[in-house]
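A short worksheet on the structure shown next.
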Amino acid sequence: MRRISALKIKEAAAALAGRANFFLRRDVLTALRKAYVAEKNKRAKKILKAILDNAAIARKEKLAICQDTGMPVVFTQIGQGVIISGDLKAAINKGIEEGYKKFCLRNSIVSNPLSRGRSGFSPCVIHTDIVKGNKIKLTLLPKGFGCENKSQLKMFKPTASIEEIKKFIVEAVKDAGPDACPPYVVGVGIGATADYAGVMAKKALLREISGRSSQLEKDLLRQINKTRIGPMGLGGVHTALAVHVQTHPTHIAGLPVSVNISCHALRSASVVL
Amino acid sequence: MKKINTPLDLNKIKFLKAGEELLLSGTIYTARDQAHKRLAEAIKKGRCLPLELKNTVIYYCGPTQRPKGKVIGSCGPTTSSRMDTFTNLLLAKGLRGMIGKGNRSEEVRNGIRKYKGIYFITYAGCGALLNKYVKSVKEVAYGDLGPEAILKLEVENFPLIVAIDVNGGNVYGED
């Protein structure tokens with residue numbers, strides 16, 4: 001067994017707050033650069049340039065890439081061989097809070113969704129997986145709500161055709177339209193249960209953007225980019241940078257499909273302890 | 001590129017067309033969800049408002065905390081449509097311009113035409129880039145709302161695109 005202290009977890013979480021919010025992911029930057037080079041629409045090209053300039057300024061001046069520094073969503077993978085001395089959840093929440101404060105991010109979290117009240121920096125949404133090994137991996141995804149508000153879930157019949165499912169996903173992007181800061185990365189969770197399809201759709205955003213896509217993902221990306229929503233919704237061929245689909249076995253009676261859209265400022269950072 | 005200054009009287013904006021790019025200088029006020037809710041309540045109850053709305057520009061923005069040595073933090077636009085239910089009340093009180101991101105409801109598009117307002121969009125998801133156009137910041141009201149407080153910003157050459165013009169022309173097209 002390996003012992004990891006809550007203090008170490010807290011410090012790691014705090015550091016992630018700065019890394020995720022100041023330094024745009026390399027794969028996202030690469031995808032944006034490619035889009036900038038390929039885009040023919042003059043205005044779309046200008047907007048993509050502004051997005052790239054914004055990332056450079058954020059990196060250089062340690063300013064948040066976006067003022068919406070998100071609901072902090074923390075994915076934890078905890079090795080079975082680890083003993084945590086202290087309170088894991090308290091450590092993550094405290095670390096995120098300290099990091100968000102230290103790096104001058106935004107206090108966007110209200111403690112009660114109905115009565116609202118004064119906003120603070122935490123708590124985060126924490127997802128925990130127990131895995132093999134004796135390490136802990138923490139991943140912070142600061143999820144902005146402009147795009148989170150565009151999330152959709154549909155419980156399809158098990159006999160639904162793939163075309164119906166594709167249509168639902170493309171329509172979800174059309175519904176988001178210009179509002180959620182396109183070009184998007186579209187996370188999709190298919191299968192399992194309503195709740196887990198949602199988690200998969202969000203986890204899909206963590207996957208590195210690369211050329212390696214399934215046929216379904218390629219089809220969806222092509223259809224989404226045909227909408228010509230484009231950067232800021234003002235036209236162009238880049239409505240989405242990527243579509244990532246995660247699947248899971250499901251029940252004979254169902255076929256849950258969840259869509260979680262990310263804005264172009266898809267931010268996340270990980271650390272292994 | 002065309003440059004305009006606040007306050008926005010009708011003469012300055014009536015010839016602007018949807019899709020046109022321009023640079024705005026002068027005073028703008030941040031206000032988003034909760035500030036709109038409070039302003040709308042105050043208007044409905046006939047109470048006086050913490051800011052003069054006539055010919056004013058409201059920016060749908062809740063900045064990050066201000067880092068040391070900077071005027072303001074990251075400060076890009078938030079989704080405008082969340083303010084739609086309150087917008088016509090403000091337009092009726094003289095609000096002239098709005099800055100945000102994304103499309104507006106039909107009700108607001110009609111309100112813009114009726115009250116001769118104008119809706120601008122600016123670089124969305126680019127709060128670090130927009131930071132440099134803000135020259136000074138002063139809190140005006142609702143400090144208890146934290147990032148949703150109303151702030152008075154002095155801006156210089158703040159980049160805008162006309163999304164909905166005084167005649168209801170819409171850069172996003174019609175539904």
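Ordering of the structure tokens sets the chain letters (A, B, ...); residue numbers start at 1 within each chain; ligands are numbered from 1 in the order shown.
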With 8 Å as the limit and counting only C-alpha atoms, what residues in chain A lie close to chain B? Please list them as a PyMOL selection string.
chain A and resi 47+50-51+53-55+57-58+63-69+103-108+118-119+146+177-181+232-234+263-265
DSSP on the backbone: which residues in chain B end up as strand (DSSP E)? Give the answer as a compact mmCIF listing (two decimals) with C-alpha atoms, in the first residue's frame.
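What ended up in out_39.txt:
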```txt
# COMPACT_ATOMS: atom_id res chain seq x y z
CA LYS B 2 -15.88 52.95 -37.75
CA LYS B 3 -15.51 54.29 -34.21
CA ILE B 4 -18.29 55.42 -31.91
CA ASN B 5 -18.44 56.89 -28.43
CA GLU B 21 -17.82 46.00 -37.30
CA LEU B 22 -16.92 48.95 -35.13
CA LEU B 23 -14.90 50.09 -32.14
CA LEU B 24 -16.62 51.50 -29.08
CA SER B 25 -15.12 53.93 -26.59
CA GLY B 26 -16.59 55.42 -23.45
CA THR B 27 -18.63 54.10 -20.56
CA ILE B 28 -20.39 50.73 -20.48
CA TYR B 29 -21.98 48.92 -17.52
CA THR B 30 -21.74 45.22 -16.78
CA VAL B 57 -24.79 50.45 -23.03
CA ILE B 58 -25.00 47.29 -20.92
CA TYR B 59 -22.37 44.59 -21.28
CA GLY B 97 -27.11 49.25 -26.47
CA MET B 98 -26.37 45.73 -25.34
CA ILE B 99 -23.18 43.72 -25.77
CA GLY B 100 -23.16 39.96 -25.48
CA ILE B 118 -29.02 48.08 -30.80
CA TYR B 119 -27.46 44.73 -29.96
CA PHE B 120 -23.76 44.10 -30.42
CA ILE B 121 -21.70 40.96 -30.10
CA VAL B 134 -10.86 48.13 -20.49
CA LYS B 135 -9.17 51.19 -19.03
CA SER B 136 -10.89 51.57 -15.68
CA VAL B 137 -13.46 49.87 -13.48
CA LYS B 138 -15.74 51.13 -10.73
CA GLU B 139 -18.37 49.17 -8.85
CA VAL B 140 -21.76 50.85 -9.14
CA ALA B 141 -24.26 48.53 -7.48
CA ILE B 150 -22.89 46.17 -11.85
CA LEU B 151 -19.54 47.67 -12.81
CA LYS B 152 -18.90 50.87 -14.70
CA LEU B 153 -16.20 50.22 -17.29
CA GLU B 154 -14.34 52.81 -19.30
CA VAL B 155 -13.40 51.15 -22.56
CA GLU B 156 -11.29 52.22 -25.51
CA ASN B 157 -11.79 50.84 -29.01
CA PHE B 158 -13.71 47.83 -27.69
CA PRO B 159 -14.30 45.61 -30.76
CA LEU B 160 -17.95 45.00 -31.66
CA ILE B 161 -20.06 43.56 -34.43
CA VAL B 162 -23.61 44.85 -34.87
CA ALA B 163 -25.80 41.77 -34.41
CA ILE B 164 -29.26 43.39 -34.41
```
Spatial neighbours of A:Asn134, max dist 9 Å, only C-alpha atoms, sep filter under 6 positions, as JSON, numbers by chain
{"A": [1, 2, 3, 78, 79, 80, 81, 82, 83]}
I need the alpha helix (DSSP H) residues of stretch 26-156 of chain B per DSSP on the backbone, written as a PyMOL selection string.
chain B and resi 33-44+84-92+106-115+127-130
Considering only C-alpha atoms, return as a list of chain:residue names whatever protein or nucleic-acid residues lie within 9 Å of A:Ala12, sequence-local ones (same chain, fewer than 2 positions apart) excluded.
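Contacts, in chain order: A:Leu7, A:Lys8, A:Ile9, A:Lys10, A:Ala14, A:Ala15, A:Leu16, A:Ala17, A:Ile92, A:Gly95, A:Ile96, A:Leu138, A:Val271, A:Val272, A:Leu273.
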Could you name the residues that touch B:Leu91 at 8 Å or less, counting only C-alpha atoms, but leaving out those on the same chain fewer than 2 positions away, as a VMD selection string?
chain B and resid 87 to 89 93 to 96 111 to 112 115 117
Quick check, in Å to one decimal: how far apart do atom CA of A:Tyr196 and atom CA of A:Val125 lie?
14.3 Å
